[in-house]
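Printed here is start.tsv (TSV, C-alpha atoms):
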chain	number	residue	atom	x	y	z
A	216	MET	CA	16.22	14.32	-0.49
A	217	ALA	CA	15.98	12.10	2.57
A	218	LEU	CA	13.85	12.85	5.60
A	219	SER	CA	14.94	12.47	9.21
A	220	GLU	CA	12.97	10.55	11.82
A	221	GLU	CA	12.20	13.83	13.56
A	222	GLU	CA	10.82	15.40	10.37
A	223	ILE	CA	8.55	12.43	9.77
A	224	LYS	CA	7.35	12.49	13.37
A	225	SER	CA	6.62	16.20	13.32
A	226	LEU	CA	4.71	16.00	10.01
A	227	ILE	CA	2.51	13.22	11.40
A	228	LYS	CA	2.04	15.07	14.70
A	229	ASP	CA	0.92	18.22	12.84
A	230	SER	CA	-2.00	16.33	11.29
A	231	ILE	CA	-2.61	13.78	14.03
A	232	PRO	CA	-1.80	15.56	17.33
A	233	ASP	CA	-2.68	12.66	19.65
A	234	ALA	CA	-0.52	10.19	17.72
A	235	THR	CA	1.95	7.97	19.51
A	236	ILE	CA	4.66	7.29	16.96
A	237	GLU	CA	7.48	4.76	16.93
A	238	ILE	CA	9.87	5.12	14.00
A	239	LYS	CA	12.70	2.83	12.98
A	240	ASP	CA	15.30	3.66	10.36
A	241	LEU	CA	15.48	0.16	8.92
A	242	MET	CA	18.73	0.48	7.01
A	243	GLY	CA	20.30	3.53	8.61
A	244	ASP	CA	20.02	5.42	5.32
A	245	HIS	CA	17.21	7.89	6.18
A	246	ASN	CA	15.26	6.38	3.31
A	247	HIS	CA	13.70	3.14	4.53
A	248	TYR	CA	11.61	3.54	7.66
A	249	SER	CA	8.92	1.72	9.51
A	250	ALA	CA	6.41	3.63	11.62
A	251	LYS	CA	3.94	2.35	14.16
A	252	ILE	CA	1.27	4.94	14.81
A	253	SER	CA	-1.60	4.84	17.24
A	254	SER	CA	-4.31	7.46	17.48
A	255	LYS	CA	-7.94	7.90	18.44
A	256	ILE	CA	-8.77	9.21	14.95
A	257	PHE	CA	-8.28	5.71	13.53
A	258	SER	CA	-11.25	4.28	15.40
A	259	GLY	CA	-14.05	3.05	13.17
A	260	LYS	CA	-11.93	3.53	10.03
A	261	SER	CA	-10.74	0.85	7.63
A	262	LYS	CA	-7.02	0.12	7.33
A	263	VAL	CA	-6.98	1.82	3.94
A	264	GLU	CA	-8.53	4.97	5.43
A	265	GLN	CA	-6.12	4.86	8.38
A	266	HIS	CA	-3.07	4.61	6.14
A	267	LYS	CA	-4.43	7.36	3.90
A	268	LEU	CA	-4.57	9.69	6.91
A	269	VAL	CA	-0.90	8.98	7.56
A	270	TYR	CA	0.04	9.48	3.90
A	271	LYS	CA	-1.89	12.77	3.83
A	272	SER	CA	0.02	13.99	6.89
A	273	LEU	CA	3.25	13.47	4.92
A	274	LYS	CA	2.00	15.98	2.34
A	275	GLY	CA	3.03	14.27	-0.87
A	276	LYS	CA	6.48	13.32	0.39
A	277	MET	CA	5.64	9.62	0.40
A	278	GLY	CA	6.97	8.06	-2.78
A	279	ASN	CA	9.09	11.15	-3.44
A	280	GLU	CA	11.54	12.43	-0.79
A	281	LEU	CA	10.52	9.49	1.31
A	282	HIS	CA	11.23	6.31	-0.58
A	283	ALA	CA	9.93	3.66	1.78
A	284	LEU	CA	7.84	3.89	4.91
A	285	SER	CA	6.22	0.77	6.17
A	286	ILE	CA	3.14	1.73	8.19
A	287	THR	CA	1.32	-0.02	11.01
A	288	THR	CA	-1.69	1.77	12.48
A	289	GLU	CA	-3.55	1.08	15.69
A	290	GLU	CA	-6.55	2.54	17.44
A	291	LYS	CA	-5.78	4.12	20.78
B	1249	MET	CA	-8.88	5.06	-23.97
B	1250	ASN	CA	-7.59	7.37	-21.25
B	1251	THR	CA	-5.58	6.01	-18.34
B	1252	LYS	CA	-8.47	6.12	-15.88
B	1253	ASP	CA	-10.72	4.10	-18.21
B	1254	GLU	CA	-7.86	1.72	-18.91
B	1255	ILE	CA	-7.39	1.09	-15.18
B	1256	ARG	CA	-11.13	0.63	-14.62
B	1257	ASP	CA	-11.18	-1.84	-17.50
B	1258	ILE	CA	-8.28	-3.88	-16.04
B	1259	ILE	CA	-9.90	-3.95	-12.59
B	1260	GLU	CA	-13.31	-4.96	-13.95
B	1261	LYS	CA	-11.95	-7.73	-16.16
B	1262	ASN	CA	-9.71	-9.36	-13.55
B	1263	ASP	CA	-10.95	-10.64	-10.20
B	1264	ILE	CA	-7.56	-10.14	-8.57
B	1265	CYS	CA	-5.23	-7.44	-9.89
B	1266	LEU	CA	-1.84	-6.53	-8.52
B	1267	PHE	CA	-0.35	-3.30	-9.77
B	1268	MET	CA	3.34	-3.87	-9.16
B	1269	LYS	CA	6.89	-3.07	-10.10
B	1270	GLY	CA	8.03	-5.93	-12.33
B	1271	THR	CA	6.10	-9.12	-12.93
B	1272	PRO	CA	4.98	-11.90	-10.55
B	1273	ASP	CA	7.83	-14.07	-11.87
B	1274	SER	CA	10.37	-11.27	-11.81
B	1275	PRO	CA	9.43	-8.58	-9.28
B	1276	GLN	CA	11.63	-5.47	-9.35
B	1277	CYS	CA	10.94	-4.28	-5.80
B	1278	GLY	CA	10.80	-6.02	-2.43
B	1279	PHE	CA	7.34	-4.72	-1.58
B	1280	SER	CA	5.89	-5.93	-4.87
B	1281	MET	CA	7.60	-9.26	-4.37
B	1282	ALA	CA	6.12	-9.61	-0.88
B	1283	VAL	CA	2.52	-9.16	-2.07
B	1284	SER	CA	3.06	-11.34	-5.10
B	1285	ASN	CA	4.43	-14.09	-2.83
B	1286	VAL	CA	1.41	-13.82	-0.51
B	1287	LEU	CA	-0.94	-14.36	-3.46
B	1288	LYS	CA	1.16	-17.25	-4.75
B	1289	HIS	CA	1.17	-18.77	-1.28
B	1290	LEU	CA	-2.64	-18.59	-1.18
B	1291	ASN	CA	-2.61	-20.30	-4.54
B	1292	VAL	CA	-4.90	-17.82	-6.29
B	1293	LYS	CA	-4.76	-16.72	-9.89
B	1294	PHE	CA	-4.01	-13.04	-10.25
B	1295	LYS	CA	-3.21	-10.55	-12.93
B	1296	GLY	CA	0.09	-8.76	-12.36
B	1297	ILE	CA	0.32	-5.37	-14.03
B	1298	ASN	CA	3.86	-4.05	-14.39
B	1299	VAL	CA	3.66	-0.29	-13.88
B	1300	LEU	CA	7.32	0.13	-14.82
B	1301	GLU	CA	6.34	-0.53	-18.43
B	1302	ASP	CA	3.96	2.40	-18.56
B	1303	GLN	CA	4.60	5.77	-16.89
B	1304	ASN	CA	0.96	6.82	-17.35
B	1305	LEU	CA	-0.22	3.73	-15.56
B	1306	ARG	CA	2.38	4.18	-12.80
B	1307	GLN	CA	1.06	7.65	-11.97
B	1308	GLY	CA	-2.51	6.80	-13.02
B	1309	ILE	CA	-3.02	4.02	-10.49
B	1310	LYS	CA	-1.78	6.30	-7.68
B	1311	ASP	CA	-4.36	8.91	-8.66
B	1312	TYR	CA	-7.08	6.33	-9.21
B	1313	SER	CA	-6.72	4.80	-5.75
B	1314	ASP	CA	-5.62	8.03	-4.03
B	1315	TRP	CA	-2.68	6.00	-2.75
B	1316	PRO	CA	0.94	7.13	-3.17
B	1317	THR	CA	2.78	3.83	-3.39
B	1318	ILE	CA	3.09	0.65	-5.44
B	1319	PRO	CA	2.14	-2.25	-5.08
B	1320	GLN	CA	-1.63	-1.97	-4.95
B	1321	LEU	CA	-4.00	-4.91	-4.70
B	1322	TYR	CA	-7.56	-4.96	-6.05
B	1323	ILE	CA	-9.99	-7.81	-5.43
B	1324	LYS	CA	-13.29	-7.84	-7.35
B	1325	GLY	CA	-12.97	-4.16	-8.10
B	1326	LYS	CA	-12.23	-3.11	-4.53
B	1327	PHE	CA	-8.95	-1.56	-3.42
B	1328	ILE	CA	-7.57	-3.76	-0.63
B	1329	GLY	CA	-4.35	-1.91	0.14
B	1330	GLY	CA	-0.60	-1.81	-0.30
B	1331	CYS	CA	2.13	-4.08	1.00
B	1332	ASP	CA	1.71	-3.34	4.73
B	1333	ILE	CA	-2.05	-3.88	4.76
B	1334	VAL	CA	-1.92	-7.00	2.60
B	1335	LYS	CA	0.78	-8.57	4.79
B	1336	GLU	CA	-1.15	-7.73	7.94
B	1337	MET	CA	-4.39	-9.15	6.51
B	1338	PHE	CA	-2.58	-12.26	5.36
B	1339	GLU	CA	-1.06	-12.82	8.81
B	1340	LYS	CA	-4.45	-12.42	10.48
B	1341	GLY	CA	-6.15	-14.74	8.01
B	1342	GLU	CA	-8.38	-11.91	6.77
B	1343	LEU	CA	-7.14	-12.02	3.19
B	1344	LYS	CA	-7.96	-15.71	2.87
B	1345	LYS	CA	-11.40	-15.00	4.30
B	1346	ILE	CA	-12.12	-12.30	1.69
B	1347	LEU	CA	-10.96	-14.58	-1.10
B	1348	GLU	CA	-13.16	-17.39	0.21
B	1349	GLU	CA	-16.17	-15.10	0.51
B	1350	LYS	CA	-15.69	-14.03	-3.10
B	1351	SER	CA	-15.26	-17.70	-4.13
B	1352	LEU	CA	-11.80	-17.02	-5.50
B	1353	ILE	CA	-10.07	-19.70	-3.47

As structure tokens, the full file:
Amino acid sequence: MALSEEEIKSLIKDSIPDATIEIKDLMGDHNHYSAKISSKIFSGKSKVEQHKLVYKSLKGKMGNELHALSITTEEK
Amino acid sequence: MNTKDEIRDIIEKNDICLFMKGTPDSPQCGFSMAVSNVLKHLNVKFKGINVLEDQNLRQGIKDYSDWPTIPQLYIKGKFIGGCDIVKEMFEKGELKKILEEKSLI
């Protein structure tokens, strides 16, 4: 069920190759993470669009295998 | 009424809608509680919609917004974001600004 930090990172990297990603396992349970992601593709996009790009990279896992991922996005 | 029309109806009839788990007085999830508390702190009236009471609505709002998580905040018919975005906007004063611009505060 749960996803590892490495799996999350590699999914995001597949869709957003230039992403710099910092992930924290907030409770040590592989289920509640926070991720700080910066990429050039975020430039000129609204926060909603930026977060949608991250959710899309997780291919439907968000809200399913991945219970909680708090996202912060930044333009590079 | 199908779920999509039902959601559109809720969003059109209420200036500020929060689709959440639980109710503003009794949130059932930390993320829903966080957004609900932000709105309470800003002292605005909002409609809390408990998606746990209706499975169709719970999935329907995710499809409607193309957004995989709950809570979801709508202001004057526009999707503002989930917990992370709302908290960030609140901290930067942007949420208050939007509410002021829409004369909701």

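A straight line drawn from atom CA of Ser230 of chain A to atom CA of Lys274 of chain A is 9.8 Å long.
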
Can you check which residues of chain B have any atom within 10 Å of chain A? Use all atoms listed in the file and format it as a ChimeraX atom specification.
/B:1279,1314-1318,1327-1334,1336-1337

Skip Ser258 of chain A itself and residues of its chain fewer than 4 positions away, then list as a ChimeraX atom specification all residues within 9 Å of it, counting only C-alpha atoms.
/A:254,265,289-291

Do you have the atom CA of Lys1350 of chain B-atom CA of Gly1270 of chain B distance handy?
26.7 Å

Residues at most 7 Å from Ile236 of chain A, counting all atoms listed in the file, excluding those fewer than 2 positions away in the same chain, as an MDAnalysis selection string?
chainID A and resid 224 234 238 250:253

Atom pair atom CA of Lys239 of chain A / atom CA of Asp1311 of chain B: separation (Å):
28.2 Å

Polymer residues at most 6 Å from Leu1266 of chain B, only C-alpha atoms, same-chain spacing of 4 or more positions, as a list in words
Gly1296, Gln1320 and Leu1321 of chain B

Using all atoms listed in the file, which of the listed residues (A:Ile231, A:Asn246, A:Glu222, A:Asp240) sits closest to Leu268 of chain A?
A:Ile231

Find the residues around Val1292 of chain B up to 9 Å (only C-alpha atoms counted), leave out those fewer than 2 positions away in its own chain, and share them as a list in words.
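Once the nearby chain positions are removed, what remains is Ile1264, Leu1287, Lys1288, His1289, Leu1290, Phe1294, Leu1347, Leu1352 and Ile1353 of chain B.
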
Could you work out an axis-aligned bounding box for all listed atoms of segment 1282-1285 of chain B, with 6 Å added on each of the six sides, and give its centre and edge lengths in Å to one decimal, as AutoDock Vina command-line options?
--center_x 4.3 --center_y -11.6 --center_z -3.0 --size_x 15.6 --size_y 16.9 --size_z 16.2
